[in-house]
Structure formats: C-alpha cells, structure tokens
$ cat work28.txt   # compact mmCIF, C-alpha atoms
# COMPACT_ATOMS: atom_id res chain seq x y z
CA MET A 1 3.52 38.89 99.49
CA SER A 2 6.40 40.21 101.58
CA LYS A 3 9.88 39.20 100.57
CA ASN A 4 10.54 37.51 103.91
CA LEU A 5 7.38 35.44 103.72
CA SER A 6 8.24 34.25 100.23
CA THR A 7 11.76 33.30 101.39
CA PHE A 8 10.27 31.29 104.27
CA LEU A 9 7.81 29.60 101.90
CA ALA A 10 10.61 28.81 99.45
CA GLY A 11 12.34 26.91 102.26
CA VAL A 12 9.12 25.02 102.96
CA ARG A 13 8.55 24.27 99.27
CA ARG A 14 12.07 23.01 98.57
CA THR A 15 11.93 20.74 101.59
CA SER A 16 8.44 19.35 101.10
CA PRO A 17 9.50 16.48 98.76
CA LEU A 18 11.87 15.30 101.49
CA THR A 19 8.95 14.64 103.79
CA LEU A 20 8.41 11.49 101.75
CA GLY A 21 11.74 10.21 103.04
CA VAL A 22 11.21 11.40 106.60
CA THR A 23 7.75 9.90 107.00
CA PRO A 24 9.10 6.33 107.28
CA PHE A 25 11.76 7.60 109.68
CA GLY A 26 9.18 9.09 112.04
CA LEU A 27 6.87 6.07 111.72
CA ILE A 28 9.73 3.72 112.55
CA CYS A 29 10.98 5.83 115.48
CA GLY A 30 7.50 5.86 117.01
CA ALA A 31 6.84 2.19 116.33
CA VAL A 32 10.20 0.85 117.55
CA CYS A 33 9.98 2.75 120.82
CA VAL A 34 6.47 1.49 121.59
CA ASN A 35 7.42 -2.05 120.55
CA ALA A 36 10.30 -1.88 123.04
CA GLY A 37 7.75 -1.35 125.80
CA MET A 38 7.42 2.42 126.15
CA PRO A 39 4.04 4.14 126.35
CA GLU A 40 3.03 6.17 123.27
CA TRP A 41 3.75 9.51 124.95
CA GLY A 42 7.24 8.24 125.83
CA ALA A 43 7.95 7.73 122.12
CA ILE A 44 6.47 11.12 121.24
CA GLY A 45 8.47 12.86 123.97
CA MET A 46 11.65 11.25 122.67
CA SER A 47 11.12 12.66 119.17
CA THR A 48 10.35 16.20 120.35
CA ILE A 49 13.18 16.33 122.91
CA ILE A 50 15.99 14.65 120.96
CA PHE A 51 14.66 15.21 117.40
CA ALA A 52 17.39 13.13 115.72
CA GLY A 53 16.01 9.89 114.30
CA ALA A 54 19.18 7.83 113.81
CA SER A 55 20.38 8.33 117.39
CA GLN A 56 16.86 7.68 118.71
CA LEU A 57 16.68 4.31 116.94
CA VAL A 58 20.04 3.22 118.28
CA ALA A 59 19.31 4.50 121.79
CA THR A 60 15.98 2.66 121.80
CA GLN A 61 17.65 -0.55 120.72
CA LEU A 62 20.32 -0.24 123.42
CA MET A 63 17.73 0.54 126.09
CA ALA A 64 15.68 -2.48 125.01
CA GLU A 65 18.84 -4.57 125.48
CA ASN A 66 19.29 -3.04 128.95
CA ALA A 67 22.62 -1.45 128.05
CA SER A 68 24.16 0.80 130.71
CA VAL A 69 22.99 4.43 130.86
CA ALA A 70 26.47 5.70 129.95
CA VAL A 71 26.63 3.52 126.82
CA VAL A 72 23.20 4.68 125.62
CA ILE A 73 24.08 8.34 126.06
CA MET A 74 27.60 8.14 124.62
CA THR A 75 26.48 6.16 121.58
CA GLY A 76 23.56 8.50 120.89
CA LEU A 77 25.78 11.57 121.13
CA ILE A 78 28.54 10.10 118.96
CA ILE A 79 26.01 9.43 116.19
CA ASN A 80 24.94 13.08 116.38
CA MET A 81 28.51 14.41 116.26
CA ARG A 82 28.14 14.93 112.52
CA MET A 83 25.97 17.90 113.43
CA PHE A 84 29.07 19.70 114.75
CA MET A 85 30.05 19.85 111.09
CA TYR A 86 26.63 21.09 109.97
CA SER A 87 26.72 23.70 112.72
CA ALA A 88 30.13 24.95 111.58
CA SER A 89 29.00 24.99 107.97
CA LEU A 90 25.77 26.92 108.63
CA ALA A 91 27.19 29.30 111.23
CA PRO A 92 28.57 31.93 108.82
CA HIS A 93 25.10 32.25 107.29
CA PHE A 94 23.48 32.96 110.68
CA ASN A 95 25.97 35.65 111.74
CA GLY A 96 24.55 38.49 113.81
CA LEU A 97 21.30 36.73 114.68
CA HIS A 98 20.02 36.97 118.28
CA PRO A 99 21.31 34.00 120.35
CA VAL A 100 17.76 32.90 121.24
CA LYS A 101 16.84 32.73 117.55
CA LYS A 102 20.08 30.88 116.87
CA GLY A 103 19.13 28.43 119.60
CA LEU A 104 15.76 27.76 118.01
CA LEU A 105 17.33 27.22 114.59
CA ALA A 106 19.98 24.95 116.12
CA TYR A 107 17.39 22.81 117.92
CA MET A 108 15.72 22.09 114.56
CA LEU A 109 18.94 21.20 112.70
CA THR A 110 18.66 18.01 110.63
CA ASP A 111 20.56 16.35 107.78
CA GLN A 112 17.83 17.41 105.38
CA ALA A 113 17.35 21.04 106.49
CA TYR A 114 21.12 21.43 106.42
CA ALA A 115 21.53 19.94 102.95
CA ILE A 116 18.64 21.90 101.40
CA SER A 117 19.76 25.21 102.92
CA ILE A 118 23.45 24.87 102.12
CA ALA A 119 22.52 23.99 98.52
CA ARG A 120 20.39 27.15 98.29
CA TYR A 121 23.16 29.30 99.82
CA GLY A 122 25.52 28.03 97.13
CA GLU A 123 23.29 29.21 94.29
CA PRO A 124 23.66 32.57 92.55
CA GLU A 125 21.83 35.49 94.21
CA SER A 126 21.84 33.74 97.56
CA ASP A 127 22.93 36.93 99.30
CA VAL A 128 19.69 38.73 98.55
CA ILE A 129 17.52 36.29 100.54
CA ASN A 130 17.09 36.16 104.30
CA LYS A 131 19.19 33.02 104.86
CA PRO A 132 18.05 32.14 108.40
CA LEU A 133 14.43 32.48 107.30
CA PHE A 134 14.90 30.12 104.36
CA TYR A 135 16.50 27.61 106.72
CA PHE A 136 13.65 28.11 109.21
CA GLY A 137 11.09 27.22 106.52
CA SER A 138 13.06 24.11 105.68
CA ALA A 139 13.66 23.05 109.30
CA ILE A 140 10.09 23.62 110.52
CA THR A 141 8.83 21.47 107.65
CA MET A 142 11.09 18.61 108.75
CA TRP A 143 10.20 19.11 112.42
CA THR A 144 6.46 19.04 111.80
CA CYS A 145 6.62 15.99 109.56
CA PHE A 146 8.91 13.99 111.84
CA ASN A 147 6.87 14.62 114.96
CA ILE A 148 3.47 13.98 113.34
CA THR A 149 4.72 10.72 111.85
CA THR A 150 6.24 9.69 115.20
CA VAL A 151 2.76 10.02 116.74
CA LEU A 152 1.31 7.94 113.89
CA GLY A 153 4.08 5.36 114.25
CA ALA A 154 3.58 5.11 118.01
CA TYR A 155 -0.12 4.32 117.60
CA LEU A 156 -0.18 2.49 114.25
CA GLY A 157 3.37 1.15 113.88
CA ALA A 158 2.41 -2.40 114.70
CA PHE A 159 0.29 -2.51 111.52
CA ILE A 160 3.10 -1.62 109.06
CA PRO A 161 4.34 -4.82 107.34
CA PRO A 162 8.14 -5.07 107.79
CA GLN A 163 8.56 -6.45 104.25
CA TRP A 164 7.68 -2.99 102.87
CA ASN A 165 11.19 -1.96 103.98
CA LEU A 166 10.06 1.61 104.50
CA GLY A 167 13.38 2.37 106.17
CA PHE A 168 15.04 2.23 102.74
CA ALA A 169 13.43 5.61 101.98
CA ILE A 170 15.95 7.17 104.38
CA PRO A 171 19.15 6.48 102.35
CA LEU A 172 17.13 7.28 99.19
CA THR A 173 16.45 10.75 100.60
CA PHE A 174 20.15 11.28 101.17
CA ILE A 175 20.91 10.09 97.62
CA ALA A 176 18.37 12.58 96.25
CA VAL A 177 20.09 15.40 98.14
CA VAL A 178 23.75 14.47 97.71
CA ILE A 179 23.89 13.61 93.99
CA PRO A 180 23.04 17.12 92.75
CA ALA A 181 25.50 18.48 95.35
CA VAL A 182 28.53 16.67 93.92
CA LYS A 183 29.23 18.68 90.79
CA ASP A 184 33.02 18.94 90.59
CA ARG A 185 35.92 16.52 90.87
CA PRO A 186 36.99 17.34 94.44
CA SER A 187 33.48 16.84 95.81
CA VAL A 188 33.03 13.58 93.84
CA PHE A 189 36.36 12.42 95.26
CA ALA A 190 35.28 13.42 98.80
CA ALA A 191 32.05 11.41 98.40
CA VAL A 192 33.78 8.30 97.00
CA VAL A 193 36.44 8.26 99.71
CA ALA A 194 33.87 8.85 102.47
CA GLY A 195 31.68 6.04 101.11
CA LEU A 196 34.55 3.55 100.92
CA VAL A 197 35.83 4.38 104.39
CA ALA A 198 32.29 4.22 105.80
CA PHE A 199 31.92 0.70 104.43
CA PHE A 200 35.21 -0.64 105.75
CA ALA A 201 35.14 1.28 109.03
CA ASN A 202 31.60 0.09 109.75
CA PRO A 203 32.67 -2.50 112.38
CA LEU A 204 34.06 0.27 114.61
CA PRO A 205 32.06 0.56 117.85
CA TYR A 206 29.54 3.32 118.64
CA ASN A 207 29.07 4.15 114.95
CA LEU A 208 32.48 5.86 114.99
CA GLY A 209 32.97 4.70 111.39
CA LEU A 210 30.66 7.51 110.28
CA MET A 211 32.86 10.21 111.79
CA VAL A 212 36.08 8.62 110.53
CA ALA A 213 34.61 8.38 107.03
CA ALA A 214 33.30 11.95 107.05
CA VAL A 215 36.60 13.43 108.18
CA THR A 216 38.61 11.36 105.67
CA GLY A 217 36.25 12.41 102.85
CA ILE A 218 36.54 16.09 103.73
CA ALA A 219 40.34 15.85 103.88
CA ALA A 220 40.44 14.01 100.52
CA GLY A 221 38.26 16.59 98.77
CA TYR A 222 40.27 19.45 100.21
CA ALA A 223 43.59 17.83 99.23
CA LEU A 224 42.46 17.31 95.61
CA GLU A 225 41.18 20.88 95.37
CA ARG A 226 44.54 22.19 96.56
CA ARG A 227 46.41 20.02 94.06
CA GLN A 228 44.22 21.27 91.23
CA ALA A 229 44.79 24.88 92.32
CA ASN A 230 48.56 24.32 92.29
CA ASP A 231 48.63 22.75 88.81
CA MET B 1 13.56 -2.41 128.46
CA ILE B 2 14.73 -0.01 131.12
CA ASP B 3 12.13 1.54 133.42
CA MET B 4 10.63 5.01 133.14
CA ASN B 5 12.72 6.44 135.98
CA THR B 6 15.83 5.84 133.88
CA TYR B 7 14.17 6.51 130.51
CA TRP B 8 13.43 10.20 130.97
CA PRO B 9 16.86 11.22 132.36
CA ILE B 10 18.46 9.43 129.37
CA ILE B 11 16.13 11.16 126.90
CA LEU B 12 16.74 14.57 128.51
CA THR B 13 20.52 14.12 128.58
CA LEU B 14 20.56 13.01 124.96
CA GLY B 15 18.29 15.92 124.03
CA ILE B 16 20.43 18.54 125.77
CA GLY B 17 23.69 17.01 124.50
CA THR B 18 22.41 16.88 120.93
CA PHE B 19 21.20 20.48 121.20
CA LEU B 20 24.63 21.64 122.38
CA ILE B 21 26.27 19.87 119.41
CA ARG B 22 23.86 21.61 117.03
CA PHE B 23 24.23 24.98 118.75
CA SER B 24 28.04 24.94 119.14
CA PHE B 25 29.41 26.73 116.08
CA ILE B 26 26.16 28.53 115.26
CA LEU B 27 26.44 30.27 118.64
CA ILE B 28 30.14 31.12 118.70
CA MET B 29 31.07 31.67 115.04
CA ASP B 30 30.43 35.44 115.31
CA LYS B 31 33.29 35.70 117.78
CA LEU B 32 35.75 33.57 115.83
CA THR B 33 37.76 34.17 112.73
CA ILE B 34 37.73 31.00 110.71
CA PRO B 35 40.98 30.09 108.97
CA ASP B 36 40.69 30.05 105.18
CA ALA B 37 41.58 26.34 105.03
CA VAL B 38 38.69 25.45 107.35
CA HIS B 39 36.31 27.50 105.21
CA LYS B 40 37.37 25.53 102.15
CA MET B 41 36.89 22.23 103.99
CA LEU B 42 33.33 23.11 105.00
CA ARG B 43 32.31 22.80 101.36
CA PHE B 44 32.97 19.04 101.40
CA ILE B 45 30.78 18.31 104.43
CA PRO B 46 27.51 17.48 102.61
CA ALA B 47 29.12 15.12 100.09
CA SER B 48 31.21 13.34 102.73
CA VAL B 49 28.73 12.98 105.58
CA LEU B 50 25.71 12.05 103.47
CA THR B 51 27.65 9.46 101.45
CA ALA B 52 29.03 7.99 104.67
CA LEU B 53 25.44 7.65 105.90
CA ILE B 54 24.21 6.13 102.61
CA VAL B 55 26.79 3.42 101.85
CA PRO B 56 26.53 1.24 104.99
CA SER B 57 22.74 1.54 105.17
CA VAL B 58 22.39 0.38 101.56
CA LEU B 59 25.00 -2.41 101.58
CA LEU B 60 24.77 -3.79 105.10
CA HIS B 61 22.00 -5.44 107.02
CA LYS B 62 22.22 -4.94 110.78
CA ASN B 63 20.29 -7.29 112.95
CA GLY B 64 22.47 -8.08 115.93
CA ILE B 65 25.19 -9.18 113.52
CA THR B 66 26.15 -7.22 110.40
CA SER B 67 25.90 -8.95 107.03
CA PHE B 68 25.61 -8.10 103.32
CA ALA B 69 22.09 -6.83 102.67
CA GLY B 70 21.64 -8.72 99.37
CA TRP B 71 21.54 -7.25 95.88
CA GLU B 72 18.06 -5.69 95.97
CA GLN B 73 19.05 -2.60 97.95
CA PRO B 74 22.33 -1.79 96.13
CA ILE B 75 20.62 -2.11 92.74
CA ALA B 76 17.65 0.02 93.81
CA ALA B 77 20.13 2.58 95.20
CA LEU B 78 22.06 2.66 91.90
CA VAL B 79 18.81 3.27 89.99
CA ALA B 80 18.02 6.08 92.44
CA VAL B 81 21.48 7.59 91.85
CA VAL B 82 20.83 7.68 88.09
CA VAL B 83 17.37 9.23 88.60
CA ALA B 84 18.79 11.83 90.99
CA TRP B 85 21.58 12.65 88.53
CA LYS B 86 19.32 12.95 85.48
CA THR B 87 16.25 14.62 87.02
CA LYS B 88 17.53 16.32 90.21
CA ASN B 89 14.01 15.54 91.44
CA ILE B 90 13.77 14.37 95.05
CA LEU B 91 10.29 12.83 94.83
CA ALA B 92 11.19 10.92 91.67
CA THR B 93 14.39 9.63 93.27
CA ILE B 94 12.64 8.29 96.38
CA GLY B 95 9.66 6.96 94.40
CA VAL B 96 11.65 5.15 91.72
CA GLY B 97 14.07 3.80 94.35
CA MET B 98 11.30 2.30 96.48
CA LEU B 99 9.46 0.89 93.43
CA THR B 100 12.70 -0.70 92.20
CA LEU B 101 13.29 -2.27 95.61
CA TRP B 102 9.77 -3.70 95.76
CA GLY B 103 10.02 -4.93 92.17
CA MET B 104 13.32 -6.67 92.88
CA GLN B 105 11.91 -8.27 96.03
CA ALA B 106 8.97 -9.59 94.04
CA VAL B 107 11.26 -11.08 91.38
CA MET B 108 14.23 -12.34 93.41

$ encode --input "work28.txt" --output "structure tokens"
Amino acid sequence: MSKNLSTFLAGVRRTSPLTLGVTPFGLICGAVCVNAGMPEWGAIGMSTIIFAGASQLVATQLMAENASVAVVIMTGLIINMRMFMYSASLAPHFNGLHPVKKGLLAYMLTDQAYAISIARYGEPESDVINKPLFYFGSAITMWTCFNITTVLGAYLGAFIPPQWNLGFAIPLTFIAVVIPAVKDRPSVFAAVVAGLVAFFANPLPYNLGLMVAAVTGIAAGYALERRQAND
Amino acid sequence: MIDMNTYWPIILTLGIGTFLIRFSFILIMDKLTIPDAVHKMLRFIPASVLTALIVPSVLLHKNGITSFAGWEQPIAALVAVVVAWKTKNILATIGVGMLTLWGMQAVM
C-alpha cells in the first residue's frame, strides 16, 4: 500500500469512532428542518451547502420563528466564527498546497476533523506524514456521515423518540476529543477558564458567549504558560 | 416558517460566509509571518473552544427560555470525562456517556 494511501486511511480510521457522535447531529439537523416545514431536499441541501450542524440548527429555529433574514444570517455566521481559529491553527500544516485543494479542505472543516488532525500533528513523527491527506481522510469521513444521516433524519426523523436525547452524543463527542488533548497545566487552565466563562456568558445574544469564552480560555492558557516559562 | 424564495438565499449566504471563515487563514497563511506569540496561542484553541461548546450544552436546557438541565446530563458527562481520561477511547466515552444518561433517566 502506498504511503499516501495509508496516511489517508489513518485519517479515516481515527475519525470513524466519531461518526457515532455525528450521527445524531445529522439525524437531528434533517429532522428539525423537515419538522419546521421544509421539503426533504431543502434539509439535505442545507447540510451539503452549509455543512455546520450547530449553525444549521439555530438558523432553522430562527427561520421557523420568522426571524428577519439579517438575524438568521448574522447568528449563523457568529456561531461559525470559531472556525476562524481552526483555520488559523491548521493553516501552517497546509502550507504550499494549491489554493483549489485548500478550498476543498476548508469547505470540509469541522470541529471533529480539526481536533483529530491537530492531535495527530502534535504527535511524534508527524512531519513524515502527508498532513493535508490525513486531514482529508478525517474530513471526508465526517462529511459523508453527516450528509447521509441528514438524509435519514429528513425522511425518518419523525420516528425518533425525543426521550432518547440523542443530541447528548454531541457534547460527549467533544469530551472524548478534548480530554486526551489537555495534558499539561496551561491547557487544563485554558479549558477550565473557557468552560466557566461559557457558562456565565451564555445569556449573551447570538451565541457570542462561545467566542468570549474561547478567547478568554486561550489568553488564560497562554498567560500561565508564560508565567511558568519565566519561573 | 419562511418561504422557499427566502430560504435558499439564506442557505447560500450562510454557506458562502461559513466557507470564507473556514478558508480565511488556510488560504493566506503562506503569505503571512505569524508572530511567535500567536503561534503559542494556537495550541490552546482545541481545549478552549471544545470546552466552551461542552459546558453550556451539558448544564443548560434551551427551549425558548434557558434553565438548568437537571442532574442527569452533568453526571453522565462527568462519567464520560473519567472514561475519556482513563481509556482515551472515543467509542467507549460516547457509549458509556449515553448509557449513563439513559440509566439515570430510568432511575430519577
């Protein structure tokens, strides 16, 4: 097997357990959109065009409440602002790639593909693998799963009992990814501060609390790391 | 619900806007020199952003108004944290977390 193929497959393999957490996400996105009165293909088109579940759920809810177009768009984009940070974090690993390829990789950027790839890049011997290809394996796995489950959710969503609380699998996925990633004091501190701020800043409009919490967490982790370096 | 003539322009605008957010730094980083401090901050992005996504969704219940979600979810999340810490296994973390939630709902 060629080295590139095995790198791609490693990305697929590492990401495959996460499909368990994305399946409910896709199902819910498809189901909520159809329940709000859209045809099935409207829900499916939403997932392929936007491909960002959290913002889709909020946008759908706002549209169902007949919010103004500007509010739907602004809110959806603010929720996705966190991907500016993922983009900045991944960018050094995609240096020199053709812009069209970069565009394809960017379109498929998700929380999960980002977290899995950046964890792999932080491991020893990460420089010997084709980094964009590993990410591509991870991202295409997420893309395929999310879009297939959106189709299923659009057609079958009405049959999923709400008391199963399938949506809880989404934060569980993030727990599974973030816990192994916090291995030193500054990153633990960053996580704790971000979590606290996210809780108390939650009432802020347009989900701005998420951005405030993320930025505060990053600053806290960085500040502690600098203090430790100075001691 | 809004009508289809408004739906598709909203979806397209959100899709293009989200793509530009994702593309931003990936496209231009080649041409920039990143200050050392920014490089060091990038390391804290996963821990900060993911935790900020987790905490409200576990603790709060949003249904028009925001309220405490009850103890089932925080306890199931804590169990999942322990499983993730001990096993580093994603499937086990999601599986045990969901089973704990369902178990708690059956008992409480």

$ atom_distance --input "work28.txt" --atom1 "CA of Tyr155 (chain A)" --atom2 "CA of Leu14 (chain B)"
23.6 Å

$ residues_around --input "work28.txt" --residues "region 178-195 of chain A" --least-positions-apart "4" --cutoff "8 Å" --atoms "only C-alpha atoms" --output "PDB file with C-alpha atoms, keeping the file's coordinate frame"
ATOM      1  CA  ALA A 115      21.530  19.940 102.950  1.00  0.00           C
ATOM      2  CA  ALA A 119      22.520  23.990  98.520  1.00  0.00           C
ATOM      3  CA  PHE A 174      20.150  11.280 101.170  1.00  0.00           C
ATOM      4  CA  PHE A 199      31.920   0.700 104.430  1.00  0.00           C
ATOM      5  CA  ALA A 213      34.610   8.380 107.030  1.00  0.00           C
ATOM      6  CA  ALA A 214      33.300  11.950 107.050  1.00  0.00           C
ATOM      7  CA  VAL A 215      36.600  13.430 108.180  1.00  0.00           C
ATOM      8  CA  THR A 216      38.610  11.360 105.670  1.00  0.00           C
ATOM      9  CA  GLY A 217      36.250  12.410 102.850  1.00  0.00           C
ATOM     10  CA  ILE A 218      36.540  16.090 103.730  1.00  0.00           C
ATOM     11  CA  ALA A 219      40.340  15.850 103.880  1.00  0.00           C
ATOM     12  CA  ALA A 220      40.440  14.010 100.520  1.00  0.00           C
ATOM     13  CA  GLY A 221      38.260  16.590  98.770  1.00  0.00           C
ATOM     14  CA  TYR A 222      40.270  19.450 100.210  1.00  0.00           C
ATOM     15  CA  LEU A 224      42.460  17.310  95.610  1.00  0.00           C
ATOM     16  CA  GLU A 225      41.180  20.880  95.370  1.00  0.00           C
TER      17      GLU A 225
ATOM     18  CA  PHE B  44      32.970  19.040 101.400  1.00  0.00           C
ATOM     19  CA  PRO B  46      27.510  17.480 102.610  1.00  0.00           C
ATOM     20  CA  ALA B  47      29.120  15.120 100.090  1.00  0.00           C
ATOM     21  CA  SER B  48      31.210  13.340 102.730  1.00  0.00           C
ATOM     22  CA  VAL B  49      28.730  12.980 105.580  1.00  0.00           C
ATOM     23  CA  LEU B  50      25.710  12.050 103.470  1.00  0.00           C
ATOM     24  CA  THR B  51      27.650   9.460 101.450  1.00  0.00           C
ATOM     25  CA  ALA B  52      29.030   7.990 104.670  1.00  0.00           C
ATOM     26  CA  ILE B  54      24.210   6.130 102.610  1.00  0.00           C
ATOM     27  CA  VAL B  55      26.790   3.420 101.850  1.00  0.00           C
ATOM     28  CA  VAL B  81      21.480   7.590  91.850  1.00  0.00           C
ATOM     29  CA  ALA B  84      18.790  11.830  90.990  1.00  0.00           C
ATOM     30  CA  TRP B  85      21.580  12.650  88.530  1.00  0.00           C
ATOM     31  CA  LYS B  88      17.530  16.320  90.210  1.00  0.00           C
TER      32      LYS B  88
END

$ closest_atom_pairs --input "work28.txt" --of "region 115-140 of chain A" --to "region 13-24 of chain A" --cutoff "10 Å" --atoms "only C-alpha atoms" --output "JSON lines"
{"residue": "A:Ala115", "atom": "CA", "partner": "A:Thr15", "partner_atom": "CA", "distance": 9.7}
{"residue": "A:Ile116", "atom": "CA", "partner": "A:Thr15", "partner_atom": "CA", "distance": 6.8}
{"residue": "A:Ser117", "atom": "CA", "partner": "A:Arg14", "partner_atom": "CA", "distance": 9.1}
{"residue": "A:Arg120", "atom": "CA", "partner": "A:Arg14", "partner_atom": "CA", "distance": 9.3}
{"residue": "A:Phe134", "atom": "CA", "partner": "A:Arg14", "partner_atom": "CA", "distance": 9.6}
{"residue": "A:Tyr135", "atom": "CA", "partner": "A:Thr15", "partner_atom": "CA", "distance": 9.7}
{"residue": "A:Gly137", "atom": "CA", "partner": "A:Thr15", "partner_atom": "CA", "distance": 8.2}
{"residue": "A:Ser138", "atom": "CA", "partner": "A:Thr15", "partner_atom": "CA", "distance": 5.4}
{"residue": "A:Ala139", "atom": "CA", "partner": "A:Thr15", "partner_atom": "CA", "distance": 8.2}
{"residue": "A:Ile140", "atom": "CA", "partner": "A:Thr15", "partner_atom": "CA", "distance": 9.6}

$ write_last_selection --input "work28.txt" --atoms "C-alpha atoms" --output "mmCIF file, keeping the file's coordinate frame"
data_model
loop_
_atom_site.group_PDB
_atom_site.id
_atom_site.type_symbol
_atom_site.label_atom_id
_atom_site.label_comp_id
_atom_site.auth_asym_id
_atom_site.auth_seq_id
_atom_site.Cartn_x
_atom_site.Cartn_y
_atom_site.Cartn_z
ATOM 1 C CA ALA A 115 21.530 19.940 102.950
ATOM 2 C CA ILE A 116 18.640 21.900 101.400
ATOM 3 C CA SER A 117 19.760 25.210 102.920
ATOM 4 C CA ARG A 120 20.390 27.150 98.290
ATOM 5 C CA PHE A 134 14.900 30.120 104.360
ATOM 6 C CA TYR A 135 16.500 27.610 106.720
ATOM 7 C CA GLY A 137 11.090 27.220 106.520
ATOM 8 C CA SER A 138 13.060 24.110 105.680
ATOM 9 C CA ALA A 139 13.660 23.050 109.300
ATOM 10 C CA ILE A 140 10.090 23.620 110.520
#

$ closest_residue --input "work28.txt" --among "B:Ile94, B:Val82, B:Ala106, B:Ala37" --to "chain A" --atoms "all atoms listed in the file"
B:Ile94

$ interface_residues --input "work28.txt" --of "chain B" --to "chain A" --cutoff "8 Å" --atoms "all atoms listed in the file" --output "number ranges by chain"
B: 1-2, 6, 10-19, 21-27, 29-30, 40-58, 73, 77, 80-81, 84-85, 88-91, 93-94, 97-98, 102

$ closest_residue --input "work28.txt" --among "B:Ala92, B:Leu78, B:Glu72, B:Thr66" --to "Val107 (chain B)" --atoms "all atoms listed in the file"
B:Glu72

$ closest_residue --input "work28.txt" --among "A:Cys29, A:Trp41, A:Gly11, A:Ser6" --to "Thr149 (chain A)" --atoms "only C-alpha atoms"
A:Cys29

$ closest_residue --input "work28.txt" --among "A:Thr144, A:Asn207, A:Asn230, A:Thr7" --to "Ile129 (chain A)" --atoms "all atoms listed in the file"
A:Thr7

$ atom_distance --input "work28.txt" --atom1 "CA of Phe8 (chain A)" --atom2 "CA of Lys86 (chain B)"
27.8 Å

$ atom_distance --input "work28.txt" --atom1 "CA of Ala154 (chain A)" --atom2 "CA of Ala43 (chain A)"
6.5 Å

$ build_atoms --input "work28.txt" --residues "region 77-88 of chain B" --atoms "N, CA and C atoms" --output "compact mmCIF listing (two decimals), in the coordinates of the input"
# COMPACT_ATOMS: atom_id res chain seq x y z
N ALA B 77 19.40 1.34 94.89
CA ALA B 77 20.13 2.58 95.20
C ALA B 77 20.82 3.13 93.95
N LEU B 78 21.40 2.22 93.13
CA LEU B 78 22.06 2.66 91.90
C LEU B 78 21.04 3.30 90.95
N VAL B 79 19.86 2.68 90.82
CA VAL B 79 18.81 3.27 89.99
C VAL B 79 18.46 4.66 90.51
N ALA B 80 18.35 4.78 91.83
CA ALA B 80 18.02 6.08 92.44
C ALA B 80 19.11 7.11 92.15
N VAL B 81 20.37 6.67 92.16
CA VAL B 81 21.48 7.59 91.85
C VAL B 81 21.32 8.14 90.43
N VAL B 82 20.99 7.25 89.48
CA VAL B 82 20.83 7.68 88.09
C VAL B 82 19.65 8.66 87.97
N VAL B 83 18.54 8.33 88.65
CA VAL B 83 17.37 9.23 88.60
C VAL B 83 17.72 10.58 89.20
N ALA B 84 18.42 10.58 90.33
CA ALA B 84 18.79 11.83 90.99
C ALA B 84 19.70 12.66 90.09
N TRP B 85 20.61 11.98 89.39
CA TRP B 85 21.58 12.65 88.53
C TRP B 85 20.88 13.26 87.32
N LYS B 86 19.97 12.49 86.71
CA LYS B 86 19.32 12.95 85.48
C LYS B 86 18.22 13.97 85.76
N THR B 87 17.43 13.77 86.81
CA THR B 87 16.25 14.62 87.02
C THR B 87 16.45 15.67 88.10
N LYS B 88 17.38 15.45 89.04
CA LYS B 88 17.53 16.32 90.21
C LYS B 88 16.20 16.46 90.95
